[in-house]
Structure formats: structure tokens, C-alpha cells
Amino acid sequence: MALVKVISDNLYSGANLKKLEVGSSVEVDDATAERWIAAGLVESGEGKKDFEVATPDKQKKGK
């Protein structure tokens, strides 16, 4: 997944063709991001998004 920033006022996305506002950030798959960047509709945001999984510390409780 890639985070991109919309720079064109002529960009519609999704099954219902929702208009994306200029300046908004959108998370899309990498292939879509590459096509939109090549077309000049968006600019690259923070790059690829990686997911982090937090796990609790395993500490023994003493009596």
C-alpha cells in the first residue's frame, strides 16, 4: 500500500466514483499509485506503509 497526495481536481476513485479533493491523502495499492503518479494526478506521500504489530511484554507476576 502507498500513501499519495491528490494534486489534481479531476480524480475520482472507488466503485461509487467518489471525487477526491485536492490536498487530501489517500492510501491505494502500489500499482494504482504508480499509474496516478505517472499521469500527474497525485504525488508520492510518505511512501509504502508497513504495518506494525504490538505484542505485550511477557512478564511473570510475583507473589
# chains A, B, ... in the order shown; residues from 1 in each chain; ligands from 1

$ residues_around --residues "stretch 22-37 of chain A" --least-positions-apart "2" --cutoff "7 Å" --atoms "only C-alpha atoms" --output "ChimeraX atom specification"
/A:1-9,20,39-43
